[in-house]
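Report on the following structure.
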Amino acid sequence: MAKTFTLEIITPYRVFFSDKAENLIINSSDGELGLLPGHEPIVTPVGIGIAKILVDGEWKIASFSDGFLEMEGNKATVLVGAAEWPEEIDVERAERSLKRATERLSDTSMPWEKRRATLALHRAQARIKAASLAKANKA
Ligand code: ATP
């Protein structure tokens, strides 16, 4: 059995990751999904949150927006709206985004606006969490 699989993580802005990986832990529609080499073919929605990627025995963390994951033939492709490494995250921007989303949620009764604000809130929370986890790991 192969020890690694090919992992491509693509956003509309860039190829975020393209390399061999040993494990990927990500939010799927069924909760947390751990993807190992040789995983059976799968297509699943990806939820906003923190993803962890094991590369050369070292866990990397990233914040993810929502999207899709496909695994087939020992290659996983993840298409997400945005992804950031912790060092790329502007925490003040995420805090402003969190505040805006919280205000919008309390101001609106329109379901589609609530849905958009909830997604924005979750993206901001994921970014803040990824940045603080990385900081704690370094300390
Ligand atoms: P904002 O309201 O701050 O723009 P957003 O959740 O609407 O946040 P996205 O649409 O998910 O932003 O992302 C747009 C682009 O901005 C992507 O390239 C994403 O990686 C980047 N981005 C968003 N928020 C941050 C942040 N706090 N720090 C660094 N990059 C960010």
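Identifiers in this document derive from the order of the structure tokens: chains are assigned A, B, ..., residues are numbered from 1 separately in each chain, and ligands are numbered from 1 in order of occurrence.
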Report task. Using only C-alpha atoms and all ligand atoms, find each protein or nucleic acid residue lying at most 10 Å from ligand 1; present the set as a PyMOL selection string. Result -> chain A and resi 11-14+16+48+63-66+80-101+116-117+119-128+131
Would you save the residues from that selection as a compact mmCIF listing (two decimals), in the first residue's frame, using N, CA and C atoms?
```
# COMPACT_ATOMS: atom_id res chain seq x y z
N THR A 11 -8.01 26.80 -5.36
CA THR A 11 -9.00 27.84 -5.08
C THR A 11 -9.12 28.69 -6.36
N PRO A 12 -10.11 29.58 -6.43
CA PRO A 12 -10.20 30.43 -7.62
C PRO A 12 -8.99 31.35 -7.76
N TYR A 13 -8.22 31.50 -6.68
CA TYR A 13 -7.12 32.46 -6.68
C TYR A 13 -5.76 31.83 -6.98
N ARG A 14 -5.64 30.50 -6.69
CA ARG A 14 -4.31 29.89 -6.83
C ARG A 14 -4.39 28.37 -6.59
N PHE A 16 -3.35 26.06 -4.14
CA PHE A 16 -2.94 26.25 -2.74
C PHE A 16 -1.93 25.19 -2.33
N ILE A 48 -16.70 24.60 5.71
CA ILE A 48 -15.79 25.64 6.22
C ILE A 48 -15.15 25.15 7.51
N SER A 63 -6.88 27.12 7.01
CA SER A 63 -8.32 27.41 7.09
C SER A 63 -8.90 27.24 5.69
N PHE A 64 -10.07 26.64 5.65
CA PHE A 64 -10.72 26.33 4.39
C PHE A 64 -12.10 26.96 4.33
N SER A 65 -12.45 27.45 3.16
CA SER A 65 -13.83 27.81 2.88
C SER A 65 -14.53 26.55 2.37
N ASP A 66 -15.78 26.66 1.95
CA ASP A 66 -16.46 25.43 1.53
C ASP A 66 -16.15 25.06 0.08
N VAL A 80 -11.92 24.53 -3.26
CA VAL A 80 -12.57 25.32 -2.21
C VAL A 80 -12.56 26.81 -2.59
N GLY A 81 -13.49 27.55 -2.02
CA GLY A 81 -13.62 28.97 -2.35
C GLY A 81 -12.42 29.79 -1.92
N ALA A 82 -11.76 29.37 -0.85
CA ALA A 82 -10.55 30.06 -0.37
C ALA A 82 -9.84 29.13 0.60
N ALA A 83 -8.53 29.30 0.71
CA ALA A 83 -7.74 28.54 1.69
C ALA A 83 -6.56 29.40 2.08
N GLU A 84 -6.20 29.34 3.34
CA GLU A 84 -5.05 30.13 3.82
C GLU A 84 -4.20 29.32 4.79
N TRP A 85 -2.89 29.48 4.68
CA TRP A 85 -1.98 29.01 5.74
C TRP A 85 -2.06 30.03 6.87
N PRO A 86 -1.81 29.59 8.10
CA PRO A 86 -1.95 30.50 9.25
C PRO A 86 -1.16 31.81 9.10
N GLU A 87 0.07 31.70 8.56
CA GLU A 87 0.91 32.90 8.48
C GLU A 87 0.38 33.90 7.45
N GLU A 88 -0.56 33.47 6.61
CA GLU A 88 -1.14 34.37 5.61
C GLU A 88 -2.36 35.10 6.16
N ILE A 89 -2.84 34.64 7.29
CA ILE A 89 -4.12 35.15 7.78
C ILE A 89 -3.96 36.50 8.47
N ASP A 90 -4.76 37.43 8.01
CA ASP A 90 -4.83 38.75 8.62
C ASP A 90 -5.94 38.66 9.68
N VAL A 91 -5.51 38.51 10.93
CA VAL A 91 -6.48 38.23 12.00
C VAL A 91 -7.41 39.43 12.21
N GLU A 92 -6.86 40.64 12.08
CA GLU A 92 -7.72 41.83 12.27
C GLU A 92 -8.81 41.87 11.20
N ARG A 93 -8.45 41.51 9.98
CA ARG A 93 -9.45 41.46 8.90
C ARG A 93 -10.55 40.43 9.23
N ALA A 94 -10.11 39.26 9.73
CA ALA A 94 -11.08 38.21 10.08
C ALA A 94 -11.97 38.68 11.23
N GLU A 95 -11.40 39.41 12.17
CA GLU A 95 -12.20 39.92 13.30
C GLU A 95 -13.23 40.95 12.81
N ARG A 96 -12.82 41.79 11.85
CA ARG A 96 -13.77 42.77 11.28
C ARG A 96 -14.88 42.03 10.54
N SER A 97 -14.51 40.99 9.83
CA SER A 97 -15.48 40.20 9.07
C SER A 97 -16.47 39.51 10.03
N LEU A 98 -15.93 39.01 11.12
CA LEU A 98 -16.76 38.35 12.15
C LEU A 98 -17.77 39.34 12.74
N LYS A 99 -17.29 40.55 13.01
CA LYS A 99 -18.15 41.59 13.60
C LYS A 99 -19.26 41.96 12.61
N ARG A 100 -18.86 42.18 11.35
CA ARG A 100 -19.85 42.52 10.30
C ARG A 100 -20.92 41.44 10.18
N ALA A 101 -20.47 40.20 10.16
CA ALA A 101 -21.41 39.08 9.99
C ALA A 101 -22.36 38.98 11.19
N ARG A 116 -25.93 33.90 4.10
CA ARG A 116 -24.65 34.50 3.67
C ARG A 116 -23.84 34.96 4.86
N ALA A 117 -24.55 35.59 5.82
CA ALA A 117 -23.84 36.10 7.00
C ALA A 117 -23.29 34.95 7.84
N LEU A 119 -22.32 32.01 6.74
CA LEU A 119 -21.13 31.47 6.06
C LEU A 119 -19.92 32.39 6.29
N ALA A 120 -20.15 33.71 6.19
CA ALA A 120 -19.06 34.68 6.42
C ALA A 120 -18.54 34.55 7.86
N LEU A 121 -19.49 34.38 8.79
CA LEU A 121 -19.11 34.22 10.20
C LEU A 121 -18.24 32.96 10.38
N HIS A 122 -18.65 31.87 9.75
CA HIS A 122 -17.88 30.62 9.90
C HIS A 122 -16.50 30.74 9.25
N ARG A 123 -16.42 31.45 8.11
CA ARG A 123 -15.09 31.62 7.47
C ARG A 123 -14.18 32.43 8.40
N ALA A 124 -14.73 33.49 8.97
CA ALA A 124 -13.92 34.33 9.87
C ALA A 124 -13.48 33.53 11.09
N GLN A 125 -14.41 32.75 11.66
CA GLN A 125 -14.06 31.95 12.85
C GLN A 125 -12.96 30.93 12.51
N ALA A 126 -13.06 30.30 11.33
CA ALA A 126 -12.04 29.31 10.94
C ALA A 126 -10.68 29.98 10.81
N ARG A 127 -10.66 31.20 10.23
CA ARG A 127 -9.37 31.89 10.06
C ARG A 127 -8.77 32.25 11.42
N ILE A 128 -9.61 32.74 12.31
CA ILE A 128 -9.11 33.13 13.64
C ILE A 128 -8.59 31.90 14.37
N ALA A 131 -5.22 30.65 12.88
CA ALA A 131 -4.10 31.52 13.30
C ALA A 131 -3.75 31.26 14.76
```
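Our summary of the geometry notes that atom CA of A:Leu33 is positioned 10.8 Å from atom CA of A:Pro45.
Residue nearest A:Gly67 within the list A:Leu79, A:Leu36, A:Met110, A:Ile53: A:Leu79 [criterion: smallest interatomic distance, only C-alpha atoms].
Between atom CA of A:Met1 and atom CA of A:Thr77 there is a distance of 19.8 Å.
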Requested in this report: Rounded to one decimal place, report the atom CA of A:Val15-atom CA of A:Ala76 distance in Å.
Outcome: 13.5 Å
